[in-house]
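S.K.: I'm passing along query28.txt; it holds compact mmCIF, N, CA and C atoms.
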```
# COMPACT_ATOMS: atom_id res chain seq x y z
N HIS H 24 -13.85 -9.36 24.92
CA HIS H 24 -14.29 -9.86 23.64
C HIS H 24 -13.25 -9.56 22.57
N THR H 25 -13.17 -10.45 21.60
CA THR H 25 -12.23 -10.27 20.50
C THR H 25 -12.96 -9.70 19.29
N PRO H 26 -12.44 -8.62 18.67
CA PRO H 26 -13.10 -8.08 17.49
C PRO H 26 -13.02 -9.09 16.34
N THR H 27 -14.02 -9.09 15.48
CA THR H 27 -14.01 -9.99 14.33
C THR H 27 -14.03 -9.18 13.05
N GLY H 28 -13.38 -9.70 12.03
CA GLY H 28 -13.41 -9.08 10.72
C GLY H 28 -12.51 -7.88 10.55
N ILE H 29 -11.73 -7.54 11.55
CA ILE H 29 -10.84 -6.39 11.45
C ILE H 29 -9.43 -6.86 11.78
N ASP H 30 -8.54 -6.71 10.83
CA ASP H 30 -7.15 -7.07 11.05
C ASP H 30 -6.34 -5.81 11.22
N LYS H 31 -5.44 -5.84 12.18
CA LYS H 31 -4.50 -4.73 12.34
C LYS H 31 -3.53 -4.80 11.16
N PRO H 32 -3.30 -3.70 10.47
CA PRO H 32 -2.35 -3.73 9.35
C PRO H 32 -0.99 -4.24 9.82
N GLU H 33 -0.42 -5.14 9.03
CA GLU H 33 0.87 -5.70 9.40
C GLU H 33 1.98 -4.67 9.17
N GLU H 34 2.96 -4.72 10.02
CA GLU H 34 4.10 -3.82 9.90
C GLU H 34 5.31 -4.64 9.48
N GLU H 35 5.93 -4.22 8.40
CA GLU H 35 7.13 -4.89 7.91
C GLU H 35 8.31 -4.54 8.81
N ALA H 36 9.39 -5.27 8.65
CA ALA H 36 10.62 -4.98 9.38
C ALA H 36 11.12 -3.57 9.04
N THR H 37 10.68 -3.04 7.88
CA THR H 37 11.08 -1.70 7.47
C THR H 37 10.31 -0.63 8.23
N GLY H 38 9.31 -1.02 9.03
CA GLY H 38 8.52 -0.05 9.77
C GLY H 38 7.39 0.55 8.96
N ILE H 39 7.09 -0.01 7.80
CA ILE H 39 6.04 0.51 6.93
C ILE H 39 4.80 -0.37 7.03
N ARG H 40 3.65 0.27 7.22
CA ARG H 40 2.37 -0.43 7.23
C ARG H 40 1.59 -0.01 5.99
N ILE H 41 0.94 -0.98 5.33
CA ILE H 41 0.18 -0.70 4.12
C ILE H 41 -1.20 -1.33 4.28
N TRP H 42 -2.25 -0.53 4.05
CA TRP H 42 -3.61 -1.05 4.11
C TRP H 42 -4.50 -0.21 3.20
N THR H 43 -5.77 -0.62 3.07
CA THR H 43 -6.70 0.09 2.21
C THR H 43 -7.87 0.64 3.01
N ALA H 44 -8.44 1.71 2.49
CA ALA H 44 -9.65 2.30 3.07
C ALA H 44 -10.27 3.21 2.02
N GLY H 45 -11.54 3.01 1.75
CA GLY H 45 -12.27 3.89 0.85
C GLY H 45 -11.70 4.00 -0.55
N GLY H 46 -11.21 2.88 -1.11
CA GLY H 46 -10.67 2.91 -2.47
C GLY H 46 -9.29 3.54 -2.57
N LYS H 47 -8.63 3.71 -1.43
CA LYS H 47 -7.29 4.28 -1.40
C LYS H 47 -6.34 3.32 -0.70
N VAL H 48 -5.09 3.41 -1.05
CA VAL H 48 -4.05 2.67 -0.36
C VAL H 48 -3.35 3.64 0.57
N LEU H 49 -3.25 3.26 1.84
CA LEU H 49 -2.58 4.11 2.83
C LEU H 49 -1.25 3.47 3.21
N ILE H 50 -0.24 4.29 3.29
CA ILE H 50 1.11 3.83 3.61
C ILE H 50 1.60 4.65 4.79
N LYS H 51 1.85 3.98 5.91
CA LYS H 51 2.29 4.67 7.12
C LYS H 51 3.69 4.21 7.47
N GLY H 52 4.53 5.17 7.78
CA GLY H 52 5.90 4.87 8.16
C GLY H 52 6.83 5.89 7.53
N GLN H 53 8.04 5.92 8.03
CA GLN H 53 9.02 6.88 7.53
C GLN H 53 9.53 6.45 6.16
N VAL H 54 9.34 7.30 5.17
CA VAL H 54 9.90 7.09 3.84
C VAL H 54 10.59 8.37 3.42
N SER H 55 11.52 8.25 2.51
CA SER H 55 12.23 9.41 1.98
C SER H 55 11.38 10.08 0.91
N ALA H 56 11.59 11.36 0.71
CA ALA H 56 10.92 12.06 -0.39
C ALA H 56 11.33 11.38 -1.70
N GLY H 57 10.37 11.12 -2.57
CA GLY H 57 10.66 10.48 -3.84
C GLY H 57 10.58 8.97 -3.80
N THR H 58 10.21 8.39 -2.66
CA THR H 58 10.01 6.94 -2.58
C THR H 58 8.95 6.53 -3.59
N GLU H 59 9.19 5.43 -4.29
CA GLU H 59 8.28 4.98 -5.33
C GLU H 59 7.26 3.99 -4.79
N CYS H 60 6.00 4.17 -5.16
CA CYS H 60 4.93 3.23 -4.84
C CYS H 60 4.31 2.77 -6.15
N VAL H 61 4.32 1.48 -6.40
CA VAL H 61 3.71 0.92 -7.60
C VAL H 61 2.68 -0.11 -7.16
N ILE H 62 1.49 -0.05 -7.76
CA ILE H 62 0.43 -0.99 -7.45
C ILE H 62 0.16 -1.82 -8.70
N TYR H 63 0.18 -3.15 -8.51
CA TYR H 63 -0.03 -4.10 -9.60
C TYR H 63 -1.30 -4.90 -9.34
N ASP H 64 -1.96 -5.34 -10.43
CA ASP H 64 -3.04 -6.29 -10.23
C ASP H 64 -2.42 -7.68 -10.15
N MET H 65 -3.24 -8.69 -9.94
CA MET H 65 -2.71 -10.05 -9.72
C MET H 65 -2.14 -10.67 -10.99
N ARG H 66 -2.36 -10.06 -12.15
CA ARG H 66 -1.75 -10.53 -13.40
C ARG H 66 -0.40 -9.88 -13.65
N GLY H 67 -0.04 -8.93 -12.76
CA GLY H 67 1.24 -8.25 -12.90
C GLY H 67 1.18 -6.95 -13.68
N ALA H 68 -0.03 -6.55 -14.09
CA ALA H 68 -0.17 -5.28 -14.82
C ALA H 68 -0.05 -4.11 -13.84
N ARG H 69 0.70 -3.12 -14.24
CA ARG H 69 0.90 -1.93 -13.41
C ARG H 69 -0.37 -1.07 -13.47
N ILE H 70 -0.97 -0.83 -12.31
CA ILE H 70 -2.21 -0.07 -12.23
C ILE H 70 -1.94 1.40 -11.90
N VAL H 71 -1.07 1.64 -10.92
CA VAL H 71 -0.76 3.00 -10.47
C VAL H 71 0.72 3.06 -10.14
N GLU H 72 1.33 4.20 -10.49
CA GLU H 72 2.70 4.48 -10.06
C GLU H 72 2.70 5.89 -9.50
N ASP H 73 3.26 6.05 -8.31
CA ASP H 73 3.24 7.35 -7.65
C ASP H 73 4.51 7.53 -6.84
N ARG H 74 4.88 8.78 -6.61
CA ARG H 74 6.00 9.11 -5.74
C ARG H 74 5.44 9.56 -4.41
N LEU H 75 6.00 9.05 -3.33
CA LEU H 75 5.55 9.41 -1.99
C LEU H 75 6.33 10.62 -1.51
N ILE H 76 5.76 11.32 -0.53
CA ILE H 76 6.45 12.46 0.06
C ILE H 76 7.00 12.04 1.41
N ASP H 77 7.91 12.82 1.91
CA ASP H 77 8.53 12.55 3.22
C ASP H 77 7.51 12.90 4.30
N SER H 78 6.64 11.95 4.59
CA SER H 78 5.52 12.19 5.49
C SER H 78 5.23 10.91 6.27
N GLU H 79 4.53 11.02 7.39
CA GLU H 79 4.22 9.84 8.20
C GLU H 79 3.16 8.96 7.52
N ILE H 80 2.17 9.58 6.86
CA ILE H 80 1.14 8.81 6.15
C ILE H 80 1.02 9.34 4.73
N ASN H 81 1.09 8.45 3.75
CA ASN H 81 0.90 8.78 2.34
C ASN H 81 -0.35 8.06 1.87
N THR H 82 -1.07 8.69 0.94
CA THR H 82 -2.28 8.10 0.38
C THR H 82 -2.13 8.03 -1.13
N VAL H 83 -2.46 6.85 -1.70
CA VAL H 83 -2.42 6.67 -3.14
C VAL H 83 -3.82 6.30 -3.60
N ASP H 84 -4.38 7.08 -4.53
CA ASP H 84 -5.72 6.81 -5.05
C ASP H 84 -5.66 5.74 -6.13
N LEU H 85 -6.63 4.82 -6.08
CA LEU H 85 -6.77 3.83 -7.13
C LEU H 85 -7.75 4.36 -8.17
N PRO H 86 -7.63 3.91 -9.43
CA PRO H 86 -8.60 4.34 -10.43
C PRO H 86 -10.02 3.96 -9.99
N SER H 87 -10.97 4.80 -10.32
CA SER H 87 -12.35 4.59 -9.94
C SER H 87 -12.87 3.24 -10.44
N GLY H 88 -13.56 2.53 -9.57
CA GLY H 88 -14.17 1.27 -9.95
C GLY H 88 -13.26 0.05 -9.86
N LYS H 89 -11.99 0.24 -9.52
CA LYS H 89 -11.07 -0.89 -9.41
C LYS H 89 -11.32 -1.65 -8.12
N THR H 90 -11.58 -2.95 -8.24
CA THR H 90 -11.73 -3.81 -7.07
C THR H 90 -10.93 -5.08 -7.30
N GLY H 91 -10.66 -5.79 -6.23
CA GLY H 91 -9.91 -7.03 -6.32
C GLY H 91 -8.72 -7.03 -5.39
N VAL H 92 -7.78 -7.92 -5.69
CA VAL H 92 -6.57 -8.06 -4.89
C VAL H 92 -5.41 -7.44 -5.68
N PHE H 93 -4.62 -6.64 -4.99
CA PHE H 93 -3.51 -5.93 -5.62
C PHE H 93 -2.23 -6.12 -4.82
N ILE H 94 -1.10 -5.97 -5.48
CA ILE H 94 0.20 -5.99 -4.83
C ILE H 94 0.70 -4.55 -4.79
N VAL H 95 1.06 -4.10 -3.59
CA VAL H 95 1.61 -2.75 -3.43
C VAL H 95 3.10 -2.90 -3.14
N ARG H 96 3.92 -2.26 -3.95
CA ARG H 96 5.37 -2.29 -3.76
C ARG H 96 5.86 -0.88 -3.47
N VAL H 97 6.52 -0.73 -2.31
CA VAL H 97 7.09 0.56 -1.91
C VAL H 97 8.60 0.40 -1.92
N THR H 98 9.27 1.21 -2.75
CA THR H 98 10.72 1.14 -2.88
C THR H 98 11.33 2.45 -2.41
N ASP H 99 12.11 2.36 -1.32
CA ASP H 99 12.78 3.52 -0.73
C ASP H 99 14.28 3.20 -0.73
N GLY H 100 14.95 3.63 -1.78
CA GLY H 100 16.38 3.29 -1.91
C GLY H 100 16.53 1.80 -2.11
N LEU H 101 17.27 1.14 -1.20
CA LEU H 101 17.47 -0.31 -1.29
C LEU H 101 16.40 -1.08 -0.52
N SER H 102 15.55 -0.38 0.21
CA SER H 102 14.50 -1.02 1.01
C SER H 102 13.23 -1.20 0.17
N VAL H 103 12.77 -2.44 0.06
CA VAL H 103 11.56 -2.74 -0.71
C VAL H 103 10.55 -3.44 0.19
N THR H 104 9.32 -2.92 0.21
CA THR H 104 8.25 -3.52 0.98
C THR H 104 7.13 -3.90 0.03
N ASN H 105 6.69 -5.16 0.07
CA ASN H 105 5.58 -5.63 -0.75
C ASN H 105 4.45 -6.04 0.17
N ARG H 106 3.22 -5.72 -0.24
CA ARG H 106 2.05 -6.11 0.56
C ARG H 106 0.90 -6.40 -0.39
N LYS H 107 0.19 -7.46 -0.12
CA LYS H 107 -1.01 -7.81 -0.86
C LYS H 107 -2.20 -7.18 -0.15
N VAL H 108 -3.03 -6.44 -0.87
CA VAL H 108 -4.20 -5.78 -0.29
C VAL H 108 -5.42 -6.07 -1.13
N ALA H 109 -6.59 -6.00 -0.51
CA ALA H 109 -7.86 -6.22 -1.22
C ALA H 109 -8.67 -4.94 -1.20
N ILE H 110 -9.23 -4.60 -2.35
CA ILE H 110 -10.15 -3.47 -2.46
C ILE H 110 -11.51 -4.06 -2.79
N LEU H 111 -12.45 -3.87 -1.89
CA LEU H 111 -13.80 -4.36 -2.09
C LEU H 111 -14.72 -3.19 -2.37
N ASN H 112 -15.93 -3.48 -2.83
CA ASN H 112 -16.89 -2.42 -3.13
C ASN H 112 -17.03 -1.47 -2.02
```
Once more with this new file: its structure as structure tokens, please.
M.R.:
Amino acid sequence: HTPTGIDKPEEEATGIRIWTAGGKVLIKGQVSAGTECVIYDMRGARIVEDRLIDSEINTVDLPSGKTGVFIVRVTDGLSVTNRKVAILN
């Protein structure tokens, strides 16, 4: 049987996977200490800016009550990964 309603997080050529769970954005993959993560709403307004640590999985909290579709941009030196994610209730 094929599972329904669950998508495996896509992995960029950079080896970074980005997905959401429980009002948080999870970023998996090798990043350097100080890698920048910026989350924008669909109007381009900056919602969250955070620095990631040199870890296999990083978690970025969204402000309480924020729902909708967001763009997550992870910048590690010259490597930039963008991913569109949805936060539902």
S.K.: Given only N, CA and C atoms as the basis, pick out the residue of H:Ser102, H:Lys89, H:Glu72, H:Asp84 nearest to Leu49 in chain H.
M.R.: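 Once distances to Leu49 in chain H are computed over only N, CA and C atoms, the minimum belongs to H:Asp84.
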S.K.: Do a neighbour search on Ser55 in chain H at 7 Å with only N, CA and C atoms, toss out local chain neighbours closer than 3 positions, and write the hits as a list in words.
M.R.: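 Listing them by chain and then by number gives Thr58, Leu75, Ile76, Asp77, Ser78 and Asp99 of chain H.
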S.K.: Write out as a PyMOL selection string the residues lying within 6 Å of Met65 in chain H, counting all atoms listed in the file and excluding same-chain residues fewer than 3 positions away.
M.R.: chain H and resi 68+92-94
S.K.: Compare H:Ile80, H:Leu85, H:Ala44, H:Arg96 by their minimum atom-to-atom distance to Val61 in chain H, counting all atoms listed in the file, and give me the closest one.
M.R.: H:Arg96
S.K.: Counting only N, CA and C atoms, what is within 7 Å of Val83 in chain H, bar same-chain residues fewer than 4 positions away, as a tab-separated table (two decimals) with N, CA and C atoms, in the coordinates of the input?
M.R.:
```
chain	number	residue	atom	x	y	z
H	46	GLY	N	-11.21	2.88	-1.11
H	46	GLY	CA	-10.67	2.91	-2.47
H	46	GLY	C	-9.29	3.54	-2.57
H	47	LYS	N	-8.63	3.71	-1.43
H	47	LYS	CA	-7.29	4.28	-1.40
H	47	LYS	C	-6.34	3.32	-0.70
H	48	VAL	N	-5.09	3.41	-1.05
H	48	VAL	CA	-4.05	2.67	-0.36
H	48	VAL	C	-3.35	3.64	0.57
H	49	LEU	N	-3.25	3.26	1.84
H	49	LEU	CA	-2.58	4.11	2.83
H	49	LEU	C	-1.25	3.47	3.21
H	50	ILE	N	-0.24	4.29	3.29
H	50	ILE	CA	1.11	3.83	3.61
H	50	ILE	C	1.60	4.65	4.79
```
S.K.: Give me, please, the distance in Å between CA of Gly38 in chain H and CA of Ile70 in chain H, quoted to one decimal.
M.R.: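 For CA of Gly38 in chain H relative to CA of Ile70 in chain H, the distance reads 24.5 Å.
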S.K.: For CA of Lys51 in chain H and atom N of Gly91 in chain H, quote the distance in Å rounded to one decimal.
M.R.: 21.3 Å
S.K.: Which value, in Å to one decimal, gives the distance between CA of Gly57 in chain H and CA of Arg69 in chain H?
M.R.: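 Going from CA of Gly57 in chain H over to CA of Arg69 in chain H covers 18.5 Å.
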S.K.: Go through H:Cys60, H:Val54, H:Gly45, H:Ile110 one by one, measure the shortest atom-to-atom distance of each to Val97 in chain H using all atoms listed in the file, and give the residue with the smallest value.
M.R.: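 Looking only at the distances to Val97 in chain H, the closest residue turns out to be H:Cys60.
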S.K.: Quick one: DSSP strand (DSSP E) residues in chain H, as an MDAnalysis selection string?
M.R.: chainID H and resid 40:44 47:51 59:64 69:74 80:84 91:99 102:110
S.K.: Which is closer to Asp73 in chain H than all the others in H:Glu59, H:Arg40, H:Thr104, H:Ser87, using only N, CA and C atoms?
M.R.: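 Using only N, CA and C atoms, Asp73 in chain H sits closest to H:Glu59.
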